[in-house]
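Trainee: Just so it is clear, I am handing over protein27.txt, which has compact mmCIF, C-alpha atoms and all ligand atoms.
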```
# COMPACT_ATOMS: atom_id res chain seq x y z
CA MET A 268 5.46 -7.83 -18.04
CA SER A 269 4.19 -8.38 -14.51
CA LYS A 270 0.84 -9.63 -13.27
CA PHE A 271 -1.11 -8.08 -10.41
CA THR A 272 -4.02 -9.89 -8.78
CA ILE A 273 -6.08 -7.89 -6.31
CA VAL A 274 -6.99 -10.40 -3.61
CA VAL A 275 -8.54 -8.19 -0.90
CA ASP A 276 -10.13 -4.78 -1.24
CA ASN A 277 -13.12 -2.87 0.09
CA LEU A 278 -14.93 -3.74 -3.16
CA THR A 279 -15.02 -6.89 -5.26
CA ALA A 280 -15.42 -7.45 -8.98
CA ARG A 281 -16.78 -10.93 -8.39
CA ASP A 282 -18.21 -12.92 -5.52
CA LEU A 283 -15.24 -12.59 -3.14
CA ALA A 284 -15.17 -11.71 0.54
CA VAL A 285 -14.94 -7.94 1.07
CA GLU A 286 -13.46 -6.09 4.01
CA HIS A 287 -11.78 -2.78 4.75
CA GLY A 288 -8.30 -3.87 3.77
CA PHE A 289 -5.91 -4.50 0.92
CA ALA A 290 -3.85 -7.41 -0.39
CA LEU A 291 -2.40 -8.01 -3.82
CA VAL A 292 -0.31 -10.77 -5.43
CA VAL A 293 2.49 -9.72 -7.77
CA ASP A 294 3.97 -12.14 -10.28
CA CYS A 295 7.06 -10.76 -11.96
CA ALA A 296 10.36 -11.97 -13.42
CA SER A 297 11.76 -12.18 -9.88
CA GLY A 298 8.95 -14.42 -8.68
CA ARG A 299 5.79 -14.10 -6.64
CA PHE A 300 5.16 -11.65 -3.79
CA LEU A 301 2.20 -10.95 -1.55
CA PHE A 302 1.85 -7.23 -0.93
CA ASP A 303 -0.18 -6.74 2.27
CA THR A 304 -2.57 -9.26 3.75
CA GLY A 305 -5.93 -7.52 4.30
CA ALA A 306 -7.59 -7.33 7.72
CA GLY A 307 -7.69 -11.09 8.28
CA ALA A 308 -10.87 -12.90 7.28
CA ALA A 309 -10.79 -12.40 3.51
CA LEU A 310 -7.26 -13.43 2.56
CA LEU A 311 -7.36 -17.23 2.54
CA PRO A 312 -10.91 -17.65 1.13
CA ASN A 313 -10.18 -15.14 -1.64
CA LEU A 314 -6.86 -16.78 -2.55
CA SER A 315 -8.68 -20.09 -2.79
CA ALA A 316 -11.48 -18.60 -4.93
CA LEU A 317 -8.87 -17.07 -7.24
CA GLY A 318 -6.98 -20.36 -7.59
CA ILE A 319 -3.83 -19.05 -5.91
CA ALA A 320 -2.20 -21.59 -3.60
CA ALA A 321 -1.46 -19.94 -0.25
CA GLY A 322 1.66 -22.09 -0.10
CA SER A 323 3.06 -20.19 -3.09
CA LEU A 324 3.13 -16.97 -1.05
CA ARG A 325 6.36 -17.28 0.84
CA ARG A 326 7.51 -13.68 0.33
CA VAL A 327 5.33 -11.07 2.01
CA ILE A 328 5.78 -7.31 1.80
CA LEU A 329 3.97 -5.26 4.43
CA SER A 330 3.27 -1.67 3.43
CA HIS A 331 2.71 -0.46 7.03
CA GLY A 332 1.48 -1.68 10.39
CA HIS A 333 -2.24 -0.89 10.19
CA PHE A 334 -4.44 -3.88 10.94
CA ASP A 335 -6.20 -3.73 7.59
CA HIS A 336 -2.88 -4.53 5.86
CA THR A 337 -1.34 -6.89 8.42
CA GLY A 338 -4.33 -8.76 9.89
CA GLY A 339 -4.18 -11.63 7.38
CA LEU A 340 -0.59 -12.47 8.22
CA ALA A 341 -1.56 -14.81 11.06
CA ALA A 342 -3.86 -16.91 8.84
CA LEU A 343 -1.19 -17.09 6.14
CA ALA A 344 1.52 -18.08 8.63
CA ALA A 345 -0.68 -20.94 9.82
CA VAL A 346 -0.49 -22.53 6.36
CA VAL A 347 2.92 -21.24 5.19
CA PRO A 348 5.47 -21.90 7.92
CA GLU A 349 8.51 -20.49 6.09
CA LEU A 350 7.54 -16.86 5.50
CA GLU A 351 9.99 -14.20 4.37
CA ILE A 352 8.68 -10.82 5.49
CA TYR A 353 9.82 -7.41 4.25
CA ALA A 354 8.79 -4.46 6.40
CA ALA A 355 10.08 -1.04 7.44
CA PRO A 356 11.06 -0.30 11.07
CA GLY A 357 8.31 0.62 13.51
CA LEU A 358 5.59 -1.58 12.04
CA THR A 359 4.48 -3.02 15.38
CA CYS A 360 4.03 0.16 17.43
CA ARG A 361 0.64 0.88 19.02
CA ARG A 362 -1.38 3.31 16.96
CA TYR A 363 -4.82 4.86 16.89
CA SER A 364 -7.05 7.11 14.86
CA ARG A 365 -8.93 9.79 16.81
CA HIS A 366 -11.71 11.58 15.02
CA PRO A 367 -13.33 14.54 16.80
CA GLY A 368 -16.38 13.46 18.81
CA GLN A 369 -15.58 9.75 18.46
CA GLU A 370 -13.87 7.15 20.62
CA PRO A 371 -10.23 6.37 19.66
CA HIS A 372 -10.00 3.49 17.21
CA GLU A 373 -7.03 1.14 17.54
CA LEU A 374 -5.21 0.41 14.27
CA THR A 375 -2.27 -1.64 15.62
CA ILE A 376 -1.18 -4.89 13.96
CA PRO A 377 -3.25 -7.69 15.64
CA ALA A 378 -1.43 -9.76 18.27
CA ALA A 379 -1.61 -12.99 16.24
CA SER A 380 -0.03 -11.28 13.23
CA ARG A 381 2.62 -9.77 15.48
CA GLN A 382 3.37 -13.31 16.64
CA ALA A 383 3.60 -14.50 13.03
CA LEU A 384 6.02 -11.67 12.33
CA ASP A 385 8.18 -12.70 15.29
CA ASN A 386 8.12 -16.32 14.11
CA ALA A 387 8.90 -15.58 10.45
CA ALA A 388 11.64 -17.75 8.97
CA LYS A 389 13.24 -14.62 7.57
CA PHE A 390 12.58 -10.98 8.40
CA GLN A 391 14.12 -8.21 6.32
CA GLU A 392 13.94 -4.75 7.81
CA ILE A 393 13.75 -2.19 5.03
CA SER A 394 15.14 1.04 6.41
CA THR A 395 16.14 2.66 3.10
CA PHE A 396 15.17 2.47 -0.55
CA ARG A 397 16.40 -0.93 -1.70
CA GLU A 398 16.31 -3.46 -4.53
CA ILE A 399 15.29 -6.68 -2.76
CA PHE A 400 15.29 -8.79 -5.94
CA PRO A 401 16.23 -7.83 -9.50
CA GLN A 402 13.91 -4.99 -10.53
CA VAL A 403 11.88 -5.25 -7.30
CA PHE A 404 12.38 -2.16 -5.17
CA LEU A 405 11.01 -1.22 -1.77
CA THR A 406 10.97 2.45 -0.88
CA GLY A 407 11.57 2.02 2.84
CA PRO A 408 10.35 4.97 4.95
CA ILE A 409 9.15 7.83 2.77
CA PRO A 410 10.30 11.34 3.73
CA ARG A 411 7.60 13.99 3.69
CA LEU A 412 9.49 16.72 1.89
CA SER A 413 7.06 18.07 -0.68
CA GLY A 414 4.84 20.05 1.68
CA GLU A 415 1.94 17.84 0.60
CA ASP A 416 -0.84 17.91 3.18
CA CYS A 417 -0.88 14.24 4.23
CA GLY A 418 -3.44 14.87 6.97
CA GLY A 419 -4.93 12.03 8.99
CA PRO A 420 -5.96 11.91 12.66
CA PHE A 421 -3.30 9.35 13.58
CA PHE A 422 -1.75 9.12 17.05
CA LEU A 423 0.60 6.82 18.97
CA SER A 424 -1.66 6.57 22.03
CA GLU A 425 -5.35 6.70 22.88
CA SER A 426 -5.18 10.16 24.43
CA GLY A 427 -1.65 11.58 24.13
CA PRO A 428 -0.55 14.32 21.75
CA GLU A 429 2.13 12.40 19.87
CA GLN A 430 1.14 12.10 16.22
CA ASP A 431 1.74 8.96 14.19
CA PHE A 432 3.48 9.90 10.94
CA LEU A 433 3.43 6.28 9.74
CA SER A 434 7.20 6.28 9.44
CA ASP A 435 7.02 2.53 8.78
CA GLU A 436 5.24 3.03 5.50
CA GLN A 437 6.76 1.78 2.26
CA ALA A 438 5.66 1.19 -1.32
CA LEU A 439 6.71 -1.39 -3.90
CA LEU A 440 8.23 -0.26 -7.19
CA LEU A 441 8.80 -2.62 -10.09
CA GLY A 442 11.48 -1.80 -12.63
CA ASP A 443 8.97 -2.10 -15.46
CA GLY A 444 7.13 0.95 -14.14
CA THR A 445 4.41 -0.03 -11.66
CA LEU A 446 4.14 1.48 -8.20
CA VAL A 447 2.09 -0.50 -5.66
CA GLN A 448 0.64 1.36 -2.67
CA GLY A 449 -1.02 0.17 0.53
CA CYS A 450 -2.58 3.31 2.02
CA CYS A 451 -0.10 5.97 0.88
CA HIS A 452 -0.39 7.88 4.15
CA SER A 453 2.94 9.50 3.26
CA GLY A 454 1.32 11.15 0.25
CA ILE A 455 1.60 10.19 -3.40
CA ILE A 456 3.70 13.25 -4.28
CA ASN A 457 6.22 12.44 -1.53
CA THR A 458 6.28 8.79 -2.61
CA LEU A 459 6.81 9.55 -6.30
CA GLU A 460 9.52 12.08 -5.47
CA HIS A 461 11.24 9.49 -3.25
CA CYS A 462 11.16 6.97 -6.13
CA ARG A 463 12.41 9.56 -8.62
CA ARG A 464 15.40 10.38 -6.38
CA ASN A 465 16.29 6.74 -5.70
CA ALA A 466 15.40 5.03 -8.98
CA PRO A 467 15.67 7.79 -11.61
CA GLN A 468 15.98 5.13 -14.34
CA THR A 469 12.45 3.82 -13.64
CA LYS A 470 9.59 5.65 -15.35
CA ILE A 471 6.43 5.05 -13.38
CA ARG A 472 3.53 4.28 -15.76
CA THR A 473 0.97 2.73 -13.42
CA ILE A 474 -0.03 3.27 -9.81
CA ILE A 475 -2.10 0.57 -8.17
CA GLY A 476 -3.56 0.46 -4.63
CA GLY A 477 -4.89 2.89 -2.05
CA LEU A 478 -4.04 6.60 -1.94
CA HIS A 479 -5.80 7.60 1.29
CA LEU A 480 -7.57 10.63 -0.15
CA LEU A 481 -10.90 9.88 1.53
CA HIS A 482 -10.86 13.15 3.48
CA ALA A 483 -8.56 15.14 1.19
CA SER A 484 -9.28 18.84 0.79
CA PRO A 485 -10.11 20.22 -2.67
CA GLU A 486 -6.74 21.98 -2.56
CA ARG A 487 -4.88 18.74 -1.93
CA LEU A 488 -6.69 17.02 -4.80
CA ARG A 489 -5.89 19.96 -7.06
CA GLN A 490 -2.18 19.84 -6.12
CA THR A 491 -2.05 16.07 -6.56
CA VAL A 492 -3.57 16.28 -10.04
CA LYS A 493 -1.20 19.09 -10.97
CA TYR A 494 1.74 16.89 -10.00
CA LEU A 495 0.41 13.72 -11.67
CA GLN A 496 -0.34 15.59 -14.90
CA LYS A 497 3.39 16.23 -15.34
CA LEU A 498 4.11 12.48 -15.39
CA ASP A 499 3.69 10.19 -18.35
CA LEU A 500 1.21 7.91 -16.59
CA GLN A 501 -0.61 5.20 -18.51
CA GLN A 502 -3.21 4.37 -15.90
CA LEU A 503 -4.18 4.52 -12.25
CA ILE A 504 -5.92 1.58 -10.57
CA LEU A 505 -7.16 2.93 -7.26
CA GLY A 506 -9.11 1.36 -4.44
CA HIS A 507 -9.17 0.69 -0.71
CA CYS A 508 -8.82 4.08 1.03
CA THR A 509 -8.59 6.31 -2.05
CA GLY A 510 -12.18 7.54 -1.78
CA ALA A 511 -14.83 7.80 -4.49
CA ALA A 512 -14.65 11.59 -4.70
CA ALA A 513 -10.89 11.55 -5.31
CA ILE A 514 -11.24 8.86 -7.98
CA GLU A 515 -13.97 10.86 -9.75
CA TYR A 516 -11.82 14.00 -9.54
CA PHE A 517 -8.86 12.17 -11.08
CA GLN A 518 -11.08 10.72 -13.81
CA ALA A 519 -12.25 14.22 -14.67
CA HIS A 520 -8.82 15.88 -14.61
CA LEU A 521 -6.18 13.35 -15.64
CA HIS A 522 -5.57 12.34 -19.24
CA CYS A 523 -4.90 8.66 -18.47
CA PRO A 524 -7.53 6.05 -17.55
CA VAL A 525 -8.35 5.97 -13.81
CA ARG A 526 -9.90 2.66 -12.83
CA LEU A 527 -11.56 1.47 -9.64
CA ALA A 528 -9.54 -1.35 -8.05
CA ARG A 529 -11.62 -4.29 -6.82
CA SER A 530 -10.69 -7.72 -5.55
CA GLY A 531 -10.74 -10.41 -8.22
CA GLU A 532 -9.29 -8.12 -10.87
CA ILE A 533 -6.10 -9.18 -12.65
CA TYR A 534 -3.89 -6.71 -14.49
CA GLU A 535 -0.99 -7.64 -16.73
CA LEU A 536 1.23 -4.57 -17.03
FE FE B 601 -5.55 0.88 4.81
FE FE B 602 -3.33 2.64 6.76
```
Write the structure described by the file as C-alpha cells, please.
Ligand SMILES: [Fe+2]
Ligand SMILES: [Fe+2]

Mentor:
Amino acid sequence: MSKFTIVVDNLTARDLAVEHGFALVVDCASGRFLFDTGAGAALLPNLSALGIAAGSLRRVILSHGHFDHTGGLAALAAVVPELEIYAAPGLTCRRYSRHPGQEPHELTIPAASRQALDNAAKFQEISTFREIFPQVFLTGPIPRLSGEDCGGPFFLSESGPEQDFLSDEQALLLGDGTLVQGCCHSGIINTLEHCRRNAPQTKIRTIIGGLHLLHASPERLRQTVKYLQKLDLQQLILGHCTGAAAIEYFQAHLHCPVRLARSGEIYEL
C-alpha cells in the first residue's frame, strides 16, 4: 500500500494555500518522494500545515518544466540542501502558451528553480522508461503514437512557429498500480500505452493528478472514455488542469468512482 498526499492543487479540501499548480507527496515501500512542487508560494506553507517536514523531501520528481510544477523547487532547495532530482531532458527550455487574441504567456521554469536544479546534489536525467527504485517507475518522455488529439497552444518562443510538444514530460508509475500525472500534456491514452508496453506486469488501478482536458473537444473526451472503459480501473482522482467538464463527463460515463483532487486530501491505495 502507498500513501498519496496532495500538497498543492488549484482547489483545497481544507484551509490550505491554493494556486494554479500541482504537488504531491508519495510514501511507498521505497521511501518518500515529492512529485512536482507547485508554482512556488504554496508548497512550504502547505507542507507545514499538513505536518510534513520539508527536510524529509530529498527526492523530487519533476513531471515537466512548466512553472506551475517547478516553481516551488527554489523554496524547497533553500531548506533542503541535498536534493535528488529526477527529470526528463529538455525541462529547462523556454516555453510559452499563445492563445488567439491574447499576449503570449511564459511557462518556463522560474530562474530561481533553474538555479536549484543546477545546484542539486544529485540530478538523474530520465530519458527512457526506468525503475528508479524498487517498484517506482518513471516513464521518461512519452511518445505520442495513439493519434490522440493532445492539443494545446504551446510554443518554444513568443512569436515563432515551433510548437512545444512537451517532450520533457514524464509520469510516475508505482508497481502496486497507481499512475501519478502532472499535466498529462502527452495525453492519457499515450501515457497508458507507454506504461503498458514498458511495464506490462503492472495493472494500473488508479490515476491521480491532472489530465489537461480543460479545452478538450467532445470527440477527445469520447475517445478517452472509450479507452479507459477497457481498463480495470478502480478510481480516478483528478484535479489541477483536468477541467470540471471533463471530470463530470468521466463521472457520467465511467463505471469507477471519479473524484475531484484537492490539496489536503490523503489517499492510501
Ligand atoms: Fe500544470
Ligand atoms: Fe503543464

Trainee: Within 12 Å of (-6.7, 8.6, -16.0) (coordinates as in the file), grab all the protein and nucleic acid residues, counting all atoms listed in the file, and write them out as a ChimeraX atom specification.

Mentor: /A:472-474,492,495-496,498-505,513-527

Trainee: Measuring atom to atom with only C-alpha atoms and all ligand atoms, identify which of A:Gly288, A:Gly307, A:Pro401, A:Gly531 is nearest to ligand FE 602 (chain B).

Mentor: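 Checking each candidate against ligand FE 602 (chain B), we get A:Gly288 as the closest.
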
Trainee: Give me the residues within 12 Å of Phe432 (chain A) as a list in words, counting all atoms listed in the file and dropping any in the same chain fewer than 6 places off.

Mentor: His331, Gly332, Gly357, Leu358, Cys360, Arg362, Tyr363, Ser364, Pro408, Ile409, Pro410, Arg411, Asp416, Cys417, Gly418, Gly419, Pro420, Phe421, Phe422, Leu423, Cys451, His452, Ser453 and Gly454 of chain A

Trainee: Please indicate the distance in Å from CA of Phe334 (chain A) to CA of Glu373 (chain A), rounded to one decimal place.

Mentor: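 Calculated distance between CA of Phe334 (chain A) and CA of Glu373 (chain A) is 8.7 Å.
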
Trainee: I'd like to know which of A:Asn465, A:Ser426, A:Ser323, A:Thr406 is closest to Leu440 (chain A), using only C-alpha atoms.

Mentor: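 Of the candidates, the smallest distance to Leu440 (chain A) is held by A:Thr406.
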
Trainee: So that I can check the surroundings of Ala320 (chain A), please list as an MDAnalysis selection string every protein, DNA and RNA residue that reaches within 12 Å of it, counting all atoms listed in the file and ignoring chain neighbours fewer than 6 positions away.

Mentor: chainID A and resid 292 299 301 310:314 343 346:347

Trainee: Record the distance separating CA of His287 (chain A) and CA of Val275 (chain A), expressed in Å with one decimal.

Mentor: 8.5 Å

Trainee: Closest to ligand FE 602 (chain B) among A:Leu433, A:Leu278, A:Ile456, A:Ala284, using all atoms listed in the file?

Mentor: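 Among the listed residues, the smallest separation from ligand FE 602 (chain B) belongs to A:Leu433.
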